[in-house]
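Below: my_file.cif (mmCIF, C-alpha atoms and all ligand atoms)
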data_start
#
loop_
_atom_site.label_atom_id
_atom_site.label_comp_id
_atom_site.auth_asym_id
_atom_site.auth_seq_id
_atom_site.Cartn_x
_atom_site.Cartn_y
_atom_site.Cartn_z
CA MET N 1 248.38 170.17 136.06
CA ILE N 2 248.94 167.47 133.46
CA GLU N 3 245.91 165.91 131.82
CA ILE N 4 246.46 162.90 129.62
CA LYS N 5 243.42 162.22 127.49
CA ASN N 6 242.74 159.11 125.41
CA LEU N 7 246.45 158.70 124.71
CA SER N 8 247.56 155.82 122.47
CA LYS N 9 250.81 154.92 120.78
CA PHE N 10 251.03 152.41 117.95
CA PHE N 11 254.34 151.23 116.53
CA SER N 12 254.47 149.83 113.03
CA THR N 13 256.30 146.54 113.00
CA GLU N 14 256.81 143.94 110.31
CA ASN N 15 253.79 142.09 111.76
CA GLY N 16 251.58 145.17 111.50
CA ASP N 17 250.71 147.85 114.07
CA PHE N 18 251.64 147.12 117.69
CA THR N 19 249.74 148.95 120.45
CA ALA N 20 252.20 149.97 123.18
CA ILE N 21 249.74 152.15 125.13
CA LYS N 22 246.01 152.31 124.64
CA ASN N 23 243.51 154.98 125.56
CA ILE N 24 245.35 156.26 128.65
CA ASN N 25 243.56 158.82 130.82
CA LEU N 26 245.39 160.33 133.79
CA THR N 27 245.35 163.59 135.72
CA ILE N 28 248.50 164.58 137.56
CA GLU N 29 248.13 167.57 139.87
CA ASP N 30 250.91 170.04 140.61
CA GLY N 31 252.97 168.74 143.51
CA ASP N 32 251.97 165.09 143.06
CA ILE N 33 254.45 162.26 143.22
CA PHE N 34 252.61 160.02 140.81
CA GLY N 35 253.62 156.38 140.45
CA ILE N 36 253.02 154.34 137.32
CA ILE N 37 253.51 150.67 138.00
CA GLY N 38 253.38 147.73 135.64
CA MET N 39 255.15 144.65 134.34
CA SER N 40 257.94 144.64 131.82
CA GLY N 41 256.42 145.42 128.43
CA ALA N 42 253.24 146.95 129.90
CA GLY N 43 253.94 150.30 128.25
CA LYS N 44 255.45 152.37 131.11
CA SER N 45 258.46 153.70 129.22
CA THR N 46 256.38 154.44 126.14
CA LEU N 47 253.98 156.46 128.27
CA ILE N 48 256.74 158.49 129.90
CA ARG N 49 258.47 159.02 126.53
CA CYS N 50 255.18 160.34 125.13
CA ILE N 51 254.90 162.82 128.01
CA ASN N 52 258.18 164.50 127.05
CA LEU N 53 257.49 163.90 123.36
CA LEU N 54 260.51 161.69 122.79
CA GLU N 55 257.78 159.59 121.19
CA LYS N 56 255.00 161.28 119.28
CA PRO N 57 251.64 159.95 120.49
CA SER N 58 249.51 158.34 117.78
CA GLU N 59 246.23 159.52 119.30
CA GLY N 60 245.02 161.65 122.17
CA GLN N 61 246.15 164.75 124.02
CA ILE N 62 248.60 165.74 126.75
CA LEU N 63 247.54 169.03 128.30
CA ILE N 64 250.03 170.84 130.51
CA ASP N 65 248.28 173.70 132.29
CA GLY N 66 245.61 173.53 129.60
CA GLN N 67 247.97 173.60 126.61
CA ASP N 68 248.05 170.56 124.33
CA ILE N 69 251.75 169.80 123.89
CA THR N 70 251.41 167.02 121.34
CA SER N 71 251.54 169.39 118.40
CA LEU N 72 254.54 171.44 119.63
CA GLU N 73 257.50 171.71 117.29
CA GLY N 74 260.80 173.55 116.96
CA ARG N 75 261.56 176.20 119.55
CA ASN N 76 258.33 175.63 121.51
CA LEU N 77 259.21 171.95 121.86
CA LEU N 78 262.69 172.88 123.15
CA ILE N 79 261.19 175.23 125.72
CA LEU N 80 258.81 172.49 126.88
CA ARG N 81 261.66 169.96 127.20
CA ARG N 82 263.56 172.35 129.46
CA LYS N 83 260.58 172.37 131.81
CA ILE N 84 260.73 168.57 132.05
CA GLY N 85 263.70 166.86 133.73
CA MET N 86 264.41 163.20 133.08
CA VAL N 87 266.06 160.64 135.36
CA PHE N 88 266.97 157.21 133.99
CA GLN N 89 267.59 153.78 135.50
CA ARG N 90 271.20 153.70 134.25
CA PHE N 91 272.04 157.33 135.12
CA ASN N 92 273.31 158.13 131.56
CA LEU N 93 276.15 160.38 132.72
CA LEU N 94 278.88 161.63 130.40
CA MET N 95 281.87 159.59 131.55
CA GLN N 96 284.54 161.97 130.17
CA ARG N 97 283.17 164.96 132.05
CA THR N 98 283.47 165.89 135.70
CA ILE N 99 280.45 165.75 137.97
CA ARG N 100 280.25 169.55 137.86
CA ASP N 101 280.25 169.55 134.06
CA ASN N 102 277.67 166.76 133.88
CA VAL N 103 275.30 168.80 136.05
CA ALA N 104 275.99 171.96 134.03
CA PHE N 105 275.55 170.20 130.68
CA PRO N 106 271.85 171.06 130.11
CA LEU N 107 272.70 174.72 130.76
CA GLU N 108 275.48 174.57 128.19
CA ILE N 109 272.94 173.29 125.66
CA ALA N 110 270.54 176.05 126.69
CA GLY N 111 273.27 178.63 126.02
CA ALA N 112 273.92 179.84 129.60
CA ASP N 113 277.29 181.51 130.20
CA LYS N 114 280.05 179.78 132.12
CA LYS N 115 279.63 181.74 135.35
CA GLN N 116 275.88 180.96 135.49
CA ARG N 117 276.53 177.32 134.69
CA LEU N 118 279.08 176.86 137.43
CA GLN N 119 276.99 178.70 139.97
CA ARG N 120 273.92 176.59 139.23
CA ALA N 121 275.97 173.36 139.24
CA GLU N 122 277.27 174.29 142.69
CA GLU N 123 273.74 174.96 143.99
CA LEU N 124 272.49 171.66 142.59
CA LEU N 125 275.38 169.61 143.94
CA ASP N 126 274.65 171.11 147.32
CA ILE N 127 270.97 170.06 147.05
CA VAL N 128 271.94 166.45 146.26
CA GLY N 129 274.73 166.40 148.87
CA LEU N 130 277.66 165.98 146.50
CA SER N 131 279.51 169.31 146.64
CA SER N 132 282.71 167.54 147.61
CA LYS N 133 282.63 165.45 144.39
CA ALA N 134 282.35 168.34 141.93
CA GLY N 135 285.74 167.70 140.35
CA ALA N 136 285.49 163.88 140.30
CA TYR N 137 284.47 161.74 137.32
CA PRO N 138 281.40 159.45 137.26
CA VAL N 139 283.52 156.29 137.43
CA GLN N 140 284.81 157.44 140.83
CA LEU N 141 281.28 157.53 142.28
CA SER N 142 278.98 154.79 143.58
CA GLY N 143 275.71 153.98 141.77
CA GLY N 144 273.69 155.95 144.31
CA GLN N 145 276.01 158.96 143.97
CA GLN N 146 275.78 158.76 140.17
CA GLN N 147 272.00 158.78 140.42
CA ARG N 148 272.23 161.88 142.63
CA VAL N 149 274.29 163.55 139.91
CA SER N 150 271.71 162.62 137.31
CA ILE N 151 268.95 164.07 139.51
CA ALA N 152 270.96 167.30 139.90
CA ARG N 153 271.43 167.43 136.13
CA ALA N 154 267.69 166.89 135.58
CA LEU N 155 266.98 169.93 137.79
CA ALA N 156 269.44 172.25 136.01
CA ASN N 157 266.86 174.20 133.99
CA HIS N 158 264.44 174.63 136.93
CA PRO N 159 261.92 172.08 135.59
CA THR N 160 258.40 171.95 136.96
CA LEU N 161 258.12 168.23 136.18
CA LEU N 162 260.58 165.41 136.80
CA LEU N 163 260.07 162.14 134.91
CA CYS N 164 261.83 159.23 136.58
CA ASP N 165 262.11 155.95 134.65
CA GLU N 166 262.90 153.14 137.13
CA PRO N 167 265.31 155.44 139.01
CA THR N 168 266.17 152.91 141.71
CA SER N 169 266.09 149.61 139.81
CA ALA N 170 269.89 149.46 139.54
CA LEU N 171 270.41 150.23 143.25
CA ASP N 172 270.46 148.20 146.47
CA SER N 173 267.68 148.73 149.00
CA LEU N 174 269.53 151.15 151.32
CA THR N 175 270.62 153.31 148.40
CA THR N 176 267.11 153.09 146.97
CA ASN N 177 265.74 154.54 150.20
CA SER N 178 268.18 157.45 150.14
CA ILE N 179 267.36 158.27 146.49
CA LEU N 180 263.62 158.10 147.20
CA LYS N 181 264.11 160.40 150.18
CA LEU N 182 266.01 162.83 147.97
CA LEU N 183 263.19 162.81 145.39
CA LYS N 184 260.64 163.42 148.14
CA ASP N 185 262.70 166.35 149.49
CA ILE N 186 262.99 167.84 146.00
CA ASN N 187 259.23 167.53 145.51
CA HIS N 188 258.60 169.14 148.88
CA LYS N 189 261.22 171.90 148.87
CA LEU N 190 261.30 172.84 145.19
CA GLY N 191 257.64 172.07 144.44
CA VAL N 192 258.56 169.88 141.48
CA THR N 193 255.86 167.44 140.33
CA ILE N 194 257.28 163.94 139.92
CA ILE N 195 256.14 161.02 137.77
CA ILE N 196 257.96 157.83 138.63
CA ILE N 197 257.69 154.56 136.77
CA THR N 198 258.53 151.35 138.50
CA HIS N 199 257.70 147.66 138.80
CA GLU N 200 258.08 147.68 142.61
CA ILE N 201 255.18 148.50 144.93
CA SER N 202 257.62 149.44 147.72
CA VAL N 203 258.76 152.44 145.67
CA VAL N 204 255.16 153.56 145.29
CA GLU N 205 254.40 152.99 148.98
CA LYS N 206 257.41 155.00 150.08
CA ILE N 207 256.93 158.17 148.06
CA CYS N 208 253.90 158.28 145.76
CA ASN N 209 250.70 159.98 146.88
CA LYS N 210 248.93 158.61 143.80
CA VAL N 211 249.42 155.57 141.61
CA ALA N 212 248.19 154.10 138.34
CA ILE N 213 248.54 150.43 137.46
CA ILE N 214 249.26 149.75 133.80
CA ASN N 215 248.69 146.29 132.39
CA GLU N 216 248.92 145.19 128.75
CA SER N 217 249.03 148.80 127.50
CA GLU N 218 246.06 150.06 129.52
CA ILE N 219 245.56 151.73 132.90
CA VAL N 220 243.49 149.26 134.88
CA GLU N 221 243.26 151.08 138.21
CA GLN N 222 244.34 154.44 139.62
CA GLY N 223 243.86 156.59 142.68
CA PHE N 224 245.42 157.61 145.97
CA THR N 225 248.12 155.13 146.96
CA LYS N 226 246.62 154.55 150.40
CA ASP N 227 243.20 153.71 148.89
CA ILE N 228 244.63 151.38 146.25
CA ILE N 229 246.74 149.57 148.83
CA SER N 230 243.93 149.21 151.37
CA ASN N 231 241.23 148.34 148.83
CA PRO N 232 242.57 147.07 145.49
CA GLN N 233 239.85 146.40 142.91
CA GLN N 234 241.64 144.57 140.11
CA GLU N 235 243.16 141.09 140.20
CA ILE N 236 246.49 142.40 138.87
CA THR N 237 246.65 144.96 141.70
CA LYS N 238 245.95 142.26 144.26
CA GLN N 239 248.75 140.15 142.79
CA LEU N 240 251.06 143.14 142.87
CA LEU N 241 250.36 143.75 146.54
CA GLU N 242 250.90 140.08 147.36
CA ARG N 243 254.15 139.72 145.43
CA GLY N 244 255.60 143.18 145.98
CA GLU N 245 256.49 143.66 142.35
CA LEU N 246 255.15 143.09 138.90
CA VAL N 247 257.41 140.71 137.05
CA GLU N 248 256.53 137.91 134.67
N1 LIG R 301 260.01 151.57 118.91
C1 LIG R 301 259.26 150.50 119.11
N2 LIG R 301 258.84 149.73 118.08
C2 LIG R 301 258.05 148.64 118.29
N3 LIG R 301 257.62 148.24 119.50
C3 LIG R 301 258.01 148.95 120.56
C4 LIG R 301 258.84 150.12 120.44
N4 LIG R 301 259.06 150.63 121.69
C5 LIG R 301 258.40 149.82 122.54
N5 LIG R 301 257.77 148.83 121.88
C6 LIG R 301 256.95 147.75 122.47
O1 LIG R 301 255.95 148.33 123.25
C7 LIG R 301 255.70 147.55 124.43
C8 LIG R 301 255.82 148.45 125.64
O2 LIG R 301 257.21 148.80 125.80
P1 LIG R 301 257.71 149.71 127.00
O3 LIG R 301 259.18 149.85 126.87
O4 LIG R 301 256.89 150.94 127.05
O5 LIG R 301 257.33 148.79 128.26
P2 LIG R 301 257.79 148.94 129.77
O6 LIG R 301 256.54 148.73 130.58
O7 LIG R 301 258.51 150.21 129.99
O8 LIG R 301 258.76 147.71 129.94
P3 LIG R 301 260.18 147.61 130.71
O9 LIG R 301 259.84 147.70 132.16
O10 LIG R 301 260.69 146.26 130.30
O11 LIG R 301 261.02 148.74 130.20
C9 LIG R 301 256.73 146.42 124.41
O12 LIG R 301 256.08 145.25 123.93
C10 LIG R 301 257.77 146.88 123.43
O13 LIG R 301 258.37 145.80 122.76
#

What's the structure tokens form of this structure?
Ligand SMILES: Nc1ncnc2c1ncn2[C@@H]1O[C@H](COP(=O)(O)OP(=O)(O)OP(=O)(O)O)[C@@H](O)[C@H]1O
Amino acid sequence: MIEIKNLSKFFSTENGDFTAIKNINLTIEDGDIFGIIGMSGAGKSTLIRCINLLEKPSEGQILIDGQDITSLEGRNLLILRRKIGMVFQRFNLLMQRTIRDNVAFPLEIAGADKKQRLQRAEELLDIVGLSSKAGAYPVQLSGGQQQRVSIARALANHPTLLLCDEPTSALDSLTTNSILKLLKDINHKLGVTIIIITHEISVVEKICNKVAIINESEIVEQGFTKDIISNPQQEITKQLLERGELVE
């Protein structure tokens, strides 16, 4: 279980402190597919970057199974990061490496031997349906296939949590559906908890059992997706449901 308590992040800028997220409280249960939806600039990426400590929170706590991770450093931080996989909007693959070597890359960093790396890469490519592309290079794959590779790579170290930052925003709607289905399968079959940030309600409707709406740095509404959709309380949520997405 992940408990986010009173989490804030301030950035110092030349115009003084800027509040990117303010007093965030969220509970994400094991096995959830938890959507965080908000407009550009609302604070979604900052929140997700705080959860894997790419950004150090300014205030508050992030408890994973009861342990506050915000003070982790050194080796303990590395171990935590291995338990958290990350999927990005723009895939972020290494273009000079084969698909197999991209998937195996986190294991190389973790110091696994070559045989283990190749075996795991094979397993993962099978899970994402790309075994036949193991020897190809990213440029030879479609956007959807590249996102599958990045999902396989994110799973390399057997994470318990997958953080997905707008994973389908660069994809067409058919490909989006197939990536969302893959994420749902991974959640179901491997028991990986997923946090997915998006500006599109359709993504939330398709795979998230719970959702939080973030607006101007704060969570304004959260709950089970079906309840939020059938009975939105906040004006911003109503707008979101009418328009389908949160854009300025
Ligand atoms: N390193 C930083 N220094 C100063 N301000 C920052 C920094 N990182 C983010 N911000 C600001 O914090 C706010 C929230 O940014 P964030 O990237 O979290 O929003 P977002 O909801 O993910 O938006 P988008 O969907 O456009 O990525 C923005 O106004 C942004 O300019």

Ref. answer, residues at most 10 Å from (284.9, 169.5, 144.2) with only C-alpha atoms, as a compact mmCIF listing (two decimals) with C-alpha atoms, in the coordinates of the input:
# COMPACT_ATOMS: atom_id res chain seq x y z
CA THR N 98 283.47 165.89 135.70
CA ILE N 99 280.45 165.75 137.97
CA ARG N 100 280.25 169.55 137.86
CA GLU N 122 277.27 174.29 142.69
CA LEU N 125 275.38 169.61 143.94
CA LEU N 130 277.66 165.98 146.50
CA SER N 131 279.51 169.31 146.64
CA SER N 132 282.71 167.54 147.61
CA LYS N 133 282.63 165.45 144.39
CA ALA N 134 282.35 168.34 141.93
CA GLY N 135 285.74 167.70 140.35
CA ALA N 136 285.49 163.88 140.30

Box for ligand LIG 301 (chain R): with edges along x, y and z, all listed atoms inside and 3 Å added on each side, what are the centre and edge lengths in Å to one decimal, as JSON?
{"center_x": 258.4, "center_y": 148.4, "center_z": 125.1, "size_x": 11.3, "size_y": 12.3, "size_z": 20.1}

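One distance worth recording is that between atom CA of N:Ser12 and atom C2 of ligand LIG 301 (chain R), which is 6.5 Å.
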
Inset, instruction - Kindly compile the residues surrounding ligand LIG 301 (chain R) within 8 Å, counting all atoms listed in the file, and format them as a ChimeraX atom specification. - result: /N:10-13,18-21,38-47,166,198-199,217

Inset, instruction - State, in Å with one decimal place, the distance from atom CA of N:Thr176 to atom CA of N:Glu3. - result: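 Computing the Euclidean distance for atom CA of N:Thr176 and atom CA of N:Glu3 yields 29.0 Å.
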
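Shortest atom-to-atom contact with N:Gln145 among N:Leu182, N:Glu123, N:Asp30, N:Ile4: N:Leu182, counting only C-alpha atoms.
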
Legend entry - Nearby residues (only C-alpha atoms) at most 12 Å from N:Pro167, same-chain spacing under 6 positions excluded, as a PyMOL selection string: chain N and resi 35+86-92+143-144+146-148+150-151+175-180+182-183+194-200+203

Inset, instruction - Mind checking which residues fall within 10 Å of N:Leu118, counting only C-alpha atoms, ignoring those fewer than 5 positions away in the same chain, and posting them as a PyMOL selection string? - result: chain N and resi 100-101+103-104+107+112-113+123-124

Legend entry - Spatial neighbours of N:Leu155, 10 Å, all atoms listed in the file, chain gap at least 6 places, as a list in words: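 The filter keeps Arg82, Lys83, Ile84, Gly85, Met86, Val87, Val103, Ala104, Pro106, Arg120, Ala121, Leu124, Val149, Leu161, Leu162, Ile186, Leu190 and Val192 of chain N.
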
Inset, instruction - Can you work out which one of N:Ala170, N:Ala156, N:Leu63, N:Val139 has the shortest atom-to-atom distance to N:Ile109, counting all atoms listed in the file? - result: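 Looking at the shortest contact to N:Ile109, the residue is N:Ala156.
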
Inset, instruction - Can you work out which one of N:Ile37, N:Ala110, N:Met1, N:Ile24 has the shortest atom-to-atom distance to N:Thr237, counting all atoms listed in the file? - result: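 Distance minimum relative to N:Thr237 lands on N:Ile37.
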
Legend entry - Selected residue, from N:Arg81, N:Lys206, N:Arg243, N:Arg49, that lies nearest to N:Thr160 when counting only C-alpha atoms: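 Using only C-alpha atoms, N:Thr160 sits closest to N:Arg81.
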
Inset, instruction - Name the residues in contact with N:Leu80 at a cut-off of 12 Å, using all atoms listed in the file, excluding same-chain residues fewer than 2 positions from it; report them as a list in words. - result: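 Counting only the stated atoms, we get Ile51, Asn52, Leu53, Leu54, Leu63, Ile64, Asp65, Gln67, Asp68, Ile69, Thr70, Ser71, Leu72, Glu73, Gly74, Arg75, Asn76, Leu77, Leu78, Arg82, Lys83, Ile84, Gly85, Asn157, His158, Pro159, Thr160 and Leu161 of chain N.
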
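Going from atom CA of N:Gly191 to atom CA of N:Ile33 covers 10.4 Å.
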
Legend entry - Residue with smallest distance to N:Phe105 - pool N:Val220, N:Tyr137, N:Thr193, N:Ala152, counting all atoms listed in the file: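 Residue with the minimum atom-to-atom distance to N:Phe105: N:Ala152.
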
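Each of N:Ala154, N:Ile229, N:Cys50, N:Cys164 was checked against N:Glu242 using only C-alpha atoms; the smallest atom-to-atom distance is that of N:Ile229.
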